[in-house]
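What follows is a short report on a single structure.
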Amino acid sequence: MGHIIEIKDLHKTYKGNVNPSVDGLSLCVEEGDVFGLLGPNGAGKTTTIGILCGLRTPDRGDASICGYSVKEAMKKIKPLIGVVPQDFALYPMLTAVENLRIFGGIYNIPRKQLMPKIDSLLDTFGLSSSRNRAIEKYSGGMKRRVNLIAGLLHNPRILFLDEPTVGIDVQSRHVILENLKRINKEGTTMVYTSHLLEEAEHFCSSIALVDDGRIVCEGTPKALVAEAGTKSLEELFLLKTGKKLRD
């Protein structure tokens with residue numbers, strides 16, 4: 001397998017800020033990886049993912065997805081990626097099915113394929129019985145599952161996951177993680193961010209720890225923890241980024 005994502009000397013400073021959000025970041029993601037992009041608040045994770053998804057423009061450097069430059073070929077990239085944001089990207093007054101039909105339309109999924117796909121994913125994530133209930137009446141875990149389904153409808157080659165299990169019950173978290181592991185084994189590459197470091201340690205096949213827009217260390221969680229002589233990824237995180245609060 002080769003590199004499905006390549007980031008080269010990426011820089012981004014927001015207007016009015018002195019310090020860059022991304023400061024010369026370079027990394028590669030192998031096809032089939034569950035790649036954890038981890039770091040404290042303000043480390044540059046969200047900006048990096050925003051650039052990869054075409055939501056932000058870098059000041060310098062470039063990144064490519066499946067060989068296409070994010071600066072020159074986002075129209076070719078967008079059908080290849082799915083994005084699951086931390087904030088719910090759902091219409092609260094509409095039902096789960098109505099929301100997913102809208103996303104299916106955005107992805108240009110033919111109607112004959114869309115409804116069977118929606119039915120299958122709702123069943124997989126335990127939402128079939130509540131398919132016609134308004135999203136505003138869903139629990140947090142149910143909303144999180146529909147949010148994930150919306151990013152999976154078009155079978156993306158790469159799935160960007162921004163804290164996919166934050167603030168939910170244990171059962172929803174279990175269902176989400178087990179199905180993400182299965183989807184990854186079927187060939188979908190994943191880029192994952194989270195502050196749940198115990199989860200990240202077991203879920204990710206490789207990670208990059210970033211701080212102040214730069215990579216602090218990268219590799220497999222097991223190898224990095226062993227090299228640092230720490231007992232866990234959380235201990236490694238504190239060792240590399242310090243204990244100063246990041247508000």
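By order in the structure tokens, chains are A, B, ...; within a chain, residues start at 1; ligands start at 1, following the order shown.
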Surrounding residues of A:Ser232 excluding itself and chain neighbours under 2 positions, 12 Å, only C-alpha atoms, as a ChimeraX atom specification: /A:197-202,221-230,234-239
Stretch 172-226 of chain A: residues DSSP assigns to helix (DSSP H, G or I), reported as a PyMOL selection string: chain A and resi 172-185+197-203+221-226
Kindly export the residues of the current selection with N, CA and C atoms, as a compact mmCIF listing (two decimals), in the first residue's frame.
# COMPACT_ATOMS: atom_id res chain seq x y z
N SER A 172 -23.54 3.48 22.53
CA SER A 172 -23.36 4.16 21.24
C SER A 172 -21.89 4.17 20.84
N ARG A 173 -21.03 4.43 21.81
CA ARG A 173 -19.59 4.44 21.54
C ARG A 173 -19.14 3.08 21.04
N HIS A 174 -19.62 2.02 21.67
CA HIS A 174 -19.24 0.66 21.27
C HIS A 174 -19.69 0.37 19.84
N VAL A 175 -20.93 0.70 19.53
CA VAL A 175 -21.47 0.45 18.19
C VAL A 175 -20.67 1.22 17.13
N ILE A 176 -20.37 2.49 17.41
CA ILE A 176 -19.63 3.31 16.47
C ILE A 176 -18.24 2.76 16.23
N LEU A 177 -17.52 2.45 17.29
CA LEU A 177 -16.13 2.00 17.13
C LEU A 177 -16.04 0.62 16.47
N GLU A 178 -16.94 -0.29 16.84
CA GLU A 178 -16.90 -1.62 16.24
C GLU A 178 -17.19 -1.56 14.75
N ASN A 179 -18.13 -0.71 14.35
CA ASN A 179 -18.46 -0.60 12.93
C ASN A 179 -17.38 0.15 12.16
N LEU A 180 -16.73 1.14 12.81
CA LEU A 180 -15.62 1.82 12.16
C LEU A 180 -14.45 0.86 11.92
N LYS A 181 -14.20 -0.02 12.88
CA LYS A 181 -13.14 -1.02 12.70
C LYS A 181 -13.46 -1.94 11.53
N ARG A 182 -14.71 -2.34 11.42
CA ARG A 182 -15.12 -3.20 10.32
C ARG A 182 -14.98 -2.48 8.97
N ILE A 183 -15.43 -1.23 8.93
CA ILE A 183 -15.35 -0.44 7.69
C ILE A 183 -13.90 -0.22 7.28
N ASN A 184 -13.03 -0.02 8.26
CA ASN A 184 -11.60 0.12 7.97
C ASN A 184 -11.03 -1.17 7.38
N LYS A 185 -11.41 -2.31 7.96
CA LYS A 185 -10.92 -3.59 7.44
C LYS A 185 -11.39 -3.84 6.02
N LEU A 197 -7.74 9.67 24.80
CA LEU A 197 -6.46 9.05 24.42
C LEU A 197 -6.44 7.55 24.65
N GLU A 198 -7.17 7.06 25.62
CA GLU A 198 -7.25 5.60 25.80
C GLU A 198 -7.93 4.97 24.59
N GLU A 199 -9.00 5.62 24.11
CA GLU A 199 -9.67 5.15 22.90
C GLU A 199 -8.72 5.19 21.70
N ALA A 200 -8.02 6.31 21.54
CA ALA A 200 -7.11 6.48 20.41
C ALA A 200 -6.00 5.43 20.43
N GLU A 201 -5.51 5.10 21.61
CA GLU A 201 -4.41 4.14 21.73
C GLU A 201 -4.80 2.77 21.17
N HIS A 202 -6.07 2.40 21.35
CA HIS A 202 -6.52 1.08 20.89
C HIS A 202 -7.12 1.12 19.48
N PHE A 203 -7.60 2.29 19.06
CA PHE A 203 -8.29 2.40 17.78
C PHE A 203 -7.34 2.68 16.62
N PRO A 221 1.10 3.75 18.16
CA PRO A 221 0.97 4.05 19.59
C PRO A 221 1.85 3.16 20.45
N LYS A 222 1.88 1.87 20.15
CA LYS A 222 2.66 0.93 20.97
C LYS A 222 4.14 1.27 20.94
N ALA A 223 4.68 1.56 19.75
CA ALA A 223 6.11 1.85 19.62
C ALA A 223 6.47 3.17 20.30
N LEU A 224 5.62 4.18 20.16
CA LEU A 224 5.90 5.48 20.76
C LEU A 224 5.88 5.41 22.28
N VAL A 225 4.91 4.70 22.82
CA VAL A 225 4.82 4.54 24.28
C VAL A 225 6.03 3.79 24.80
N ALA A 226 6.43 2.73 24.11
CA ALA A 226 7.60 1.94 24.53
C ALA A 226 8.88 2.76 24.45
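The smallest atom-to-atom distance between A:Val70 and any of A:Asn19, A:Phe103, A:Val34, A:Ile7, using only C-alpha atoms, is found for A:Ile7.
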Rounded to one decimal, what separation in Å do you get between atom CA of A:Val166 and atom CA of A:Gly50? 19.1 Å
Between A:Asp9, A:Glu31, A:Glu98, A:Asp87, smallest distance to A:Gly67 by only C-alpha atoms belongs to A:Glu31
Residues within 8 Å of A:Gly82, please, as a PDB file with C-alpha atoms, in the first residue's frame. Count only C-alpha atoms; anything in the same chain fewer than 6 positions from it doesn't count.
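In the end it all went to result_4.pdb:
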ATOM      1  CA  GLY A 151     -20.368  10.730   6.022  1.00  0.00           C
ATOM      2  CA  LEU A 152     -20.497   7.075   4.950  1.00  0.00           C
ATOM      3  CA  HIS A 154     -21.157   7.435  -0.681  1.00  0.00           C
ATOM      4  CA  ASN A 155     -18.581   4.818   0.383  1.00  0.00           C
ATOM      5  CA  PRO A 156     -15.620   7.233   0.655  1.00  0.00           C
ATOM      6  CA  ARG A 157     -12.048   6.014   0.275  1.00  0.00           C
ATOM      7  CA  ILE A 158     -11.015   8.270   3.175  1.00  0.00           C
ATOM      8  CA  LEU A 159     -13.136   9.142   6.214  1.00  0.00           C
ATOM      9  CA  PHE A 160     -12.255  12.163   8.367  1.00  0.00           C
TER      10      PHE A 160
END
DSSP on the backbone, strand (DSSP E) only: what residues of stretch 150-231 of chain A does that give? Format it as a PyMOL selection string. chain A and resi 158-162+189-193+206-211+214-219
Restricting the calculation to only C-alpha atoms: of A:Leu37, A:Cys217, A:Val29, A:Met142, which residue gets closest to A:Gly167?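 Closest candidate: A:Met142.
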Close residues, A:Leu209 itself excluded, 6 Å, only C-alpha atoms, min 5 positions apart in chain, as JSON, numbers by chain: {"A": [38, 39, 215, 216, 217]}
Mind dumping the selected residues with C-alpha atoms as a PDB file, in the first residue's frame?
ATOM      1  CA  LEU A  38      -3.711  14.081  18.153  1.00  0.00           C
ATOM      2  CA  GLY A  39      -2.765  17.141  20.169  1.00  0.00           C
ATOM      3  CA  ILE A 215       4.754  17.316  14.704  1.00  0.00           C
ATOM      4  CA  VAL A 216       6.171  16.295  18.081  1.00  0.00           C
ATOM      5  CA  CYS A 217       6.357  12.577  17.340  1.00  0.00           C
TER       6      CYS A 217
END
Choose the residue, out of A:Gly24, A:Gly32, A:Pro110, A:Gly2, that has the smallest atom-to-atom separation from A:Ser206; count only C-alpha atoms.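 Comparing A:Gly24, A:Gly32, A:Pro110, A:Gly2 against A:Ser206, the winner is A:Gly32.
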